$ cat upload09.pdb   # PDB, C-alpha atoms
ATOM      1  CA  MET B 842      42.204  79.204  71.606  1.00  0.00           C
ATOM      2  CA  LEU B 843      45.645  80.537  70.933  1.00  0.00           C
ATOM      3  CA  PRO B 844      46.562  84.076  71.839  1.00  0.00           C
ATOM      4  CA  PRO B 845      46.517  86.409  68.791  1.00  0.00           C
ATOM      5  CA  GLY B 846      50.327  86.518  68.659  1.00  0.00           C
ATOM      6  CA  MET B 847      50.586  82.758  68.265  1.00  0.00           C
ATOM      7  CA  THR B 848      48.190  82.220  65.365  1.00  0.00           C
ATOM      8  CA  PRO B 849      49.945  81.519  62.065  1.00  0.00           C
ATOM      9  CA  ASP B 850      49.585  84.105  59.332  1.00  0.00           C
ATOM     10  CA  ALA B 851      47.990  83.104  56.056  1.00  0.00           C
ATOM     11  CA  ALA B 852      50.433  82.447  53.246  1.00  0.00           C
ATOM     12  CA  PRO B 853      50.784  85.472  50.953  1.00  0.00           C
ATOM     13  CA  SER B 854      51.115  83.223  47.895  1.00  0.00           C
ATOM     14  CA  PRO B 855      48.180  83.208  45.464  1.00  0.00           C
ATOM     15  CA  HIS B 856      48.914  79.585  44.623  1.00  0.00           C
ATOM     16  CA  SER B 857      46.744  76.835  45.960  1.00  0.00           C
ATOM     17  CA  LEU B 858      46.711  73.077  46.098  1.00  0.00           C
ATOM     18  CA  ALA B 859      44.363  73.071  43.115  1.00  0.00           C
ATOM     19  CA  THR B 860      46.910  75.048  41.084  1.00  0.00           C
ATOM     20  CA  ALA B 861      49.685  72.594  41.898  1.00  0.00           C
ATOM     21  CA  SER B 862      47.450  69.617  41.130  1.00  0.00           C
ATOM     22  CA  GLY B 863      46.388  71.132  37.841  1.00  0.00           C
ATOM     23  CA  LEU B 864      49.976  71.798  36.846  1.00  0.00           C
ATOM     24  CA  LEU B 865      51.013  68.249  37.730  1.00  0.00           C
ATOM     25  CA  LEU B 866      48.111  66.601  35.923  1.00  0.00           C
ATOM     26  CA  GLY B 867      48.305  68.913  32.924  1.00  0.00           C
ATOM     27  CA  THR B 868      52.025  68.361  32.453  1.00  0.00           C
ATOM     28  CA  LEU B 869      51.677  64.609  32.927  1.00  0.00           C
ATOM     29  CA  GLY B 870      48.794  64.461  30.452  1.00  0.00           C
ATOM     30  CA  ALA B 871      50.666  66.514  27.865  1.00  0.00           C
ATOM     31  CA  ALA B 872      53.783  64.348  28.199  1.00  0.00           C
ATOM     32  CA  MET B 873      51.709  61.176  27.883  1.00  0.00           C
ATOM     33  CA  ALA B 874      49.878  62.514  24.827  1.00  0.00           C
ATOM     34  CA  LEU B 875      53.141  63.523  23.188  1.00  0.00           C
ATOM     35  CA  GLY B 876      54.676  60.143  24.012  1.00  0.00           C
ATOM     36  CA  ALA B 877      51.668  58.314  22.575  1.00  0.00           C
ATOM     37  CA  LEU B 878      51.821  60.448  19.428  1.00  0.00           C
ATOM     38  CA  VAL B 879      55.519  59.754  18.927  1.00  0.00           C
ATOM     39  CA  GLY B 880      54.934  56.078  19.729  1.00  0.00           C
ATOM     40  CA  TRP B 881      52.070  55.921  17.243  1.00  0.00           C
ATOM     41  CA  ALA B 882      54.356  57.402  14.578  1.00  0.00           C
ATOM     42  CA  VAL B 883      56.802  54.529  15.096  1.00  0.00           C
ATOM     43  CA  ASP B 884      54.004  51.928  15.498  1.00  0.00           C
ATOM     44  CA  ALA B 885      54.337  51.524  19.295  1.00  0.00           C
ATOM     45  CA  ALA B 886      51.727  53.792  20.881  1.00  0.00           C
ATOM     46  CA  GLY B 887      51.594  51.826  24.150  1.00  0.00           C
ATOM     47  CA  ILE B 888      55.328  52.103  24.693  1.00  0.00           C
ATOM     48  CA  GLY B 889      55.202  55.799  23.802  1.00  0.00           C
ATOM     49  CA  LEU B 890      52.423  56.329  26.338  1.00  0.00           C
ATOM     50  CA  LEU B 891      54.459  54.570  29.012  1.00  0.00           C
ATOM     51  CA  VAL B 892      57.592  56.578  28.220  1.00  0.00           C
ATOM     52  CA  GLY B 893      55.523  59.773  28.252  1.00  0.00           C
ATOM     53  CA  ALA B 894      54.219  58.909  31.721  1.00  0.00           C
ATOM     54  CA  ILE B 895      57.700  58.118  33.014  1.00  0.00           C
ATOM     55  CA  VAL B 896      59.053  61.398  31.659  1.00  0.00           C
ATOM     56  CA  GLY B 897      55.942  63.356  32.678  1.00  0.00           C
ATOM     57  CA  ILE B 898      56.148  62.652  36.411  1.00  0.00           C
ATOM     58  CA  PRO B 899      59.478  64.430  37.053  1.00  0.00           C
ATOM     59  CA  LEU B 900      58.607  67.026  34.415  1.00  0.00           C
ATOM     60  CA  GLY B 901      55.401  67.878  36.287  1.00  0.00           C
ATOM     61  CA  SER B 902      57.329  68.199  39.522  1.00  0.00           C
ATOM     62  CA  LEU B 903      59.810  70.517  37.824  1.00  0.00           C
ATOM     63  CA  VAL B 904      57.020  72.716  36.461  1.00  0.00           C
ATOM     64  CA  VAL B 905      55.435  73.037  39.910  1.00  0.00           C
ATOM     65  CA  TYR B 906      58.829  73.806  41.424  1.00  0.00           C
ATOM     66  CA  GLN B 907      59.448  76.519  38.819  1.00  0.00           C
ATOM     67  CA  VAL B 908      56.052  78.147  39.398  1.00  0.00           C
ATOM     68  CA  TYR B 909      56.232  78.073  43.176  1.00  0.00           C
ATOM     69  CA  GLY B 910      59.949  78.942  43.215  1.00  0.00           C
ATOM     70  CA  ARG B 911      59.386  82.167  41.269  1.00  0.00           C
ATOM     71  CA  GLY B 912      56.605  83.165  43.655  1.00  0.00           C
ATOM     72  CA  ALA B 913      58.907  82.735  46.661  1.00  0.00           C
ATOM     73  CA  GLU B 914      61.612  84.956  45.171  1.00  0.00           C
ATOM     74  CA  SER B 915      59.289  87.940  44.651  1.00  0.00           C
TER      75      SER B 915
END

$ encode --input "upload09.pdb" --output "structure tokens"
Amino acid sequence: MLPPGMTPDAAPSPHSLATASGLLLGTLGAAMALGALVGWAVDAAGIGLLVGAIVGIPLGSLVVYQVYGRGAES
């Protein structure tokens, strides 16, 4: 056992791994759905889905960064 002074404190952030995962998956899914919809409108739903996934990955990371970044500033 570690002495009481050496134990790490719990993070004060209300965010959890589940929140970050949900944000990533939700943003990726929304980008893919939007890409498929735009692709379907121009008769290339598969390409639109692929483009939505490619755009959704960094977009999801940005959303998580924005949410966790605002929590760190408070």

$ atom_distance --input "upload09.pdb" --atom1 "atom CA of B:Gly876" --atom2 "atom CA of B:Val892"
6.2 Å

$ resolve_selection --input "upload09.pdb" --expression "the PyMOL selection byres ((chain B and resi 861) around 10)" --output "compact mmCIF listing (two decimals) with C-alpha atoms, in the coordinates of the input"
# COMPACT_ATOMS: atom_id res chain seq x y z
CA HIS B 856 48.91 79.58 44.62
CA SER B 857 46.74 76.83 45.96
CA LEU B 858 46.71 73.08 46.10
CA ALA B 859 44.36 73.07 43.12
CA THR B 860 46.91 75.05 41.08
CA SER B 862 47.45 69.62 41.13
CA GLY B 863 46.39 71.13 37.84
CA LEU B 864 49.98 71.80 36.85
CA LEU B 865 51.01 68.25 37.73
CA LEU B 866 48.11 66.60 35.92
CA GLY B 867 48.30 68.91 32.92
CA GLY B 901 55.40 67.88 36.29
CA SER B 902 57.33 68.20 39.52
CA VAL B 904 57.02 72.72 36.46
CA VAL B 905 55.44 73.04 39.91
CA TYR B 906 58.83 73.81 41.42
CA VAL B 908 56.05 78.15 39.40
CA TYR B 909 56.23 78.07 43.18

$ atom_distance --input "upload09.pdb" --atom1 "atom CA of B:Thr868" --atom2 "atom CA of B:Leu900"
7.0 Å

$ atom_distance --input "upload09.pdb" --atom1 "atom CA of B:Leu891" --atom2 "atom CA of B:Ala871"
12.6 Å

$ closest_residue --input "upload09.pdb" --among "B:Ala882, B:Leu875, B:Gly870, B:Gly910" --to "B:Ile898" --atoms "all atoms listed in the file"
B:Gly870

$ residues_around --input "upload09.pdb" --residues "B:Ala877" --least-positions-apart "5" --cutoff "10 Å" --atoms "all atoms listed in the file" --output "list in words"
Ala871, Ala872, Ala882, Val883, Asp884, Ala885, Ala886, Gly887, Ile888, Gly889, Leu890, Leu891, Val892, Gly893 and Ala894 of chain B

$ write_last_selection --input "upload09.pdb" --atoms "C-alpha atoms" --output "PDB file, in the frame of the given file"
ATOM      1  CA  ALA B 871      50.666  66.514  27.865  1.00  0.00           C
ATOM      2  CA  ALA B 872      53.783  64.348  28.199  1.00  0.00           C
ATOM      3  CA  ALA B 882      54.356  57.402  14.578  1.00  0.00           C
ATOM      4  CA  VAL B 883      56.802  54.529  15.096  1.00  0.00           C
ATOM      5  CA  ASP B 884      54.004  51.928  15.498  1.00  0.00           C
ATOM      6  CA  ALA B 885      54.337  51.524  19.295  1.00  0.00           C
ATOM      7  CA  ALA B 886      51.727  53.792  20.881  1.00  0.00           C
ATOM      8  CA  GLY B 887      51.594  51.826  24.150  1.00  0.00           C
ATOM      9  CA  ILE B 888      55.328  52.103  24.693  1.00  0.00           C
ATOM     10  CA  GLY B 889      55.202  55.799  23.802  1.00  0.00           C
ATOM     11  CA  LEU B 890      52.423  56.329  26.338  1.00  0.00           C
ATOM     12  CA  LEU B 891      54.459  54.570  29.012  1.00  0.00           C
ATOM     13  CA  VAL B 892      57.592  56.578  28.220  1.00  0.00           C
ATOM     14  CA  GLY B 893      55.523  59.773  28.252  1.00  0.00           C
ATOM     15  CA  ALA B 894      54.219  58.909  31.721  1.00  0.00           C
TER      16      ALA B 894
END

$ decode --input "upload09.pdb" --residues "stretch 868-899 of chain B" --atoms "N, CA and C atoms" --output "PDB file, in the first residue's frame"
ATOM      1  N   THR B 868     -20.481  11.283 -33.562  1.00  0.00           N
ATOM      2  CA  THR B 868     -20.018  12.201 -34.603  1.00  0.00           C
ATOM      3  C   THR B 868     -19.667  11.446 -35.876  1.00  0.00           C
ATOM      4  N   LEU B 869     -18.994  10.312 -35.720  1.00  0.00           N
ATOM      5  CA  LEU B 869     -18.645   9.498 -36.891  1.00  0.00           C
ATOM      6  C   LEU B 869     -19.900   9.004 -37.594  1.00  0.00           C
ATOM      7  N   GLY B 870     -20.870   8.520 -36.826  1.00  0.00           N
ATOM      8  CA  GLY B 870     -22.118   8.043 -37.424  1.00  0.00           C
ATOM      9  C   GLY B 870     -22.883   9.139 -38.141  1.00  0.00           C
ATOM     10  N   ALA B 871     -22.931  10.320 -37.538  1.00  0.00           N
ATOM     11  CA  ALA B 871     -23.632  11.444 -38.164  1.00  0.00           C
ATOM     12  C   ALA B 871     -22.934  11.874 -39.452  1.00  0.00           C
ATOM     13  N   ALA B 872     -21.604  11.907 -39.443  1.00  0.00           N
ATOM     14  CA  ALA B 872     -20.870  12.287 -40.650  1.00  0.00           C
ATOM     15  C   ALA B 872     -21.067  11.250 -41.751  1.00  0.00           C
ATOM     16  N   MET B 873     -21.072   9.971 -41.369  1.00  0.00           N
ATOM     17  CA  MET B 873     -21.278   8.917 -42.365  1.00  0.00           C
ATOM     18  C   MET B 873     -22.693   8.977 -42.939  1.00  0.00           C
ATOM     19  N   ALA B 874     -23.678   9.217 -42.080  1.00  0.00           N
ATOM     20  CA  ALA B 874     -25.057   9.317 -42.556  1.00  0.00           C
ATOM     21  C   ALA B 874     -25.228  10.511 -43.495  1.00  0.00           C
ATOM     22  N   LEU B 875     -24.634  11.625 -43.130  1.00  0.00           N
ATOM     23  CA  LEU B 875     -24.717  12.809 -43.987  1.00  0.00           C
ATOM     24  C   LEU B 875     -24.005  12.568 -45.322  1.00  0.00           C
ATOM     25  N   GLY B 876     -22.834  11.925 -45.245  1.00  0.00           N
ATOM     26  CA  GLY B 876     -22.112  11.604 -46.481  1.00  0.00           C
ATOM     27  C   GLY B 876     -22.892  10.662 -47.367  1.00  0.00           C
ATOM     28  N   ALA B 877     -23.531   9.656 -46.773  1.00  0.00           N
ATOM     29  CA  ALA B 877     -24.335   8.713 -47.559  1.00  0.00           C
ATOM     30  C   ALA B 877     -25.536   9.417 -48.173  1.00  0.00           C
ATOM     31  N   LEU B 878     -26.139  10.336 -47.436  1.00  0.00           N
ATOM     32  CA  LEU B 878     -27.290  11.079 -47.952  1.00  0.00           C
ATOM     33  C   LEU B 878     -26.888  11.960 -49.131  1.00  0.00           C
ATOM     34  N   VAL B 879     -25.777  12.662 -48.983  1.00  0.00           N
ATOM     35  CA  VAL B 879     -25.294  13.500 -50.087  1.00  0.00           C
ATOM     36  C   VAL B 879     -24.884  12.615 -51.266  1.00  0.00           C
ATOM     37  N   GLY B 880     -24.222  11.499 -50.973  1.00  0.00           N
ATOM     38  CA  GLY B 880     -23.839  10.572 -52.039  1.00  0.00           C
ATOM     39  C   GLY B 880     -25.041   9.978 -52.747  1.00  0.00           C
ATOM     40  N   TRP B 881     -26.085   9.665 -51.988  1.00  0.00           N
ATOM     41  CA  TRP B 881     -27.305   9.129 -52.591  1.00  0.00           C
ATOM     42  C   TRP B 881     -27.952  10.159 -53.512  1.00  0.00           C
ATOM     43  N   ALA B 882     -27.870  11.431 -53.127  1.00  0.00           N
ATOM     44  CA  ALA B 882     -28.451  12.504 -53.938  1.00  0.00           C
ATOM     45  C   ALA B 882     -27.745  12.638 -55.283  1.00  0.00           C
ATOM     46  N   VAL B 883     -26.457  12.292 -55.320  1.00  0.00           N
ATOM     47  CA  VAL B 883     -25.712  12.367 -56.580  1.00  0.00           C
ATOM     48  C   VAL B 883     -25.450  10.971 -57.153  1.00  0.00           C
ATOM     49  N   ASP B 884     -26.222   9.976 -56.681  1.00  0.00           N
ATOM     50  CA  ASP B 884     -26.188   8.606 -57.197  1.00  0.00           C
ATOM     51  C   ASP B 884     -24.857   7.902 -56.928  1.00  0.00           C
ATOM     52  N   ALA B 885     -24.259   8.150 -55.754  1.00  0.00           N
ATOM     53  CA  ALA B 885     -23.028   7.466 -55.352  1.00  0.00           C
ATOM     54  C   ALA B 885     -23.004   7.346 -53.836  1.00  0.00           C
ATOM     55  N   ALA B 886     -23.954   6.571 -53.288  1.00  0.00           N
ATOM     56  CA  ALA B 886     -24.095   6.482 -51.835  1.00  0.00           C
ATOM     57  C   ALA B 886     -22.876   5.840 -51.181  1.00  0.00           C
ATOM     58  N   GLY B 887     -22.262   4.859 -51.823  1.00  0.00           N
ATOM     59  CA  GLY B 887     -21.091   4.198 -51.257  1.00  0.00           C
ATOM     60  C   GLY B 887     -19.915   5.150 -51.115  1.00  0.00           C
ATOM     61  N   ILE B 888     -19.698   5.945 -52.141  1.00  0.00           N
ATOM     62  CA  ILE B 888     -18.611   6.931 -52.088  1.00  0.00           C
ATOM     63  C   ILE B 888     -18.918   7.979 -51.027  1.00  0.00           C
ATOM     64  N   GLY B 889     -20.164   8.408 -50.938  1.00  0.00           N
ATOM     65  CA  GLY B 889     -20.550   9.379 -49.917  1.00  0.00           C
ATOM     66  C   GLY B 889     -20.349   8.835 -48.518  1.00  0.00           C
ATOM     67  N   LEU B 890     -20.654   7.555 -48.314  1.00  0.00           N
ATOM     68  CA  LEU B 890     -20.441   6.919 -47.024  1.00  0.00           C
ATOM     69  C   LEU B 890     -18.959   6.884 -46.674  1.00  0.00           C
ATOM     70  N   LEU B 891     -18.137   6.558 -47.648  1.00  0.00           N
ATOM     71  CA  LEU B 891     -16.691   6.523 -47.436  1.00  0.00           C
ATOM     72  C   LEU B 891     -16.143   7.918 -47.110  1.00  0.00           C
ATOM     73  N   VAL B 892     -16.570   8.912 -47.854  1.00  0.00           N
ATOM     74  CA  VAL B 892     -16.118  10.281 -47.599  1.00  0.00           C
ATOM     75  C   VAL B 892     -16.599  10.745 -46.223  1.00  0.00           C
ATOM     76  N   GLY B 893     -17.822  10.377 -45.857  1.00  0.00           N
ATOM     77  CA  GLY B 893     -18.333  10.727 -44.535  1.00  0.00           C
ATOM     78  C   GLY B 893     -17.502  10.106 -43.426  1.00  0.00           C
ATOM     79  N   ALA B 894     -17.059   8.861 -43.618  1.00  0.00           N
ATOM     80  CA  ALA B 894     -16.218   8.207 -42.623  1.00  0.00           C
ATOM     81  C   ALA B 894     -14.851   8.877 -42.532  1.00  0.00           C
ATOM     82  N   ILE B 895     -14.294   9.222 -43.674  1.00  0.00           N
ATOM     83  CA  ILE B 895     -12.975   9.874 -43.683  1.00  0.00           C
ATOM     84  C   ILE B 895     -13.041  11.240 -43.013  1.00  0.00           C
ATOM     85  N   VAL B 896     -14.107  11.966 -43.250  1.00  0.00           N
ATOM     86  CA  VAL B 896     -14.270  13.284 -42.622  1.00  0.00           C
ATOM     87  C   VAL B 896     -14.671  13.131 -41.154  1.00  0.00           C
ATOM     88  N   GLY B 897     -15.427  12.094 -40.834  1.00  0.00           N
ATOM     89  CA  GLY B 897     -15.950  11.913 -39.484  1.00  0.00           C
ATOM     90  C   GLY B 897     -14.905  11.582 -38.441  1.00  0.00           C
ATOM     91  N   ILE B 898     -13.835  10.904 -38.827  1.00  0.00           N
ATOM     92  CA  ILE B 898     -12.813  10.515 -37.847  1.00  0.00           C
ATOM     93  C   ILE B 898     -12.132  11.747 -37.240  1.00  0.00           C
ATOM     94  N   PRO B 899     -11.568  12.654 -38.028  1.00  0.00           N
ATOM     95  CA  PRO B 899     -10.981  13.846 -37.394  1.00  0.00           C
ATOM     96  C   PRO B 899     -12.037  14.768 -36.775  1.00  0.00           C
TER      97      PRO B 899
END
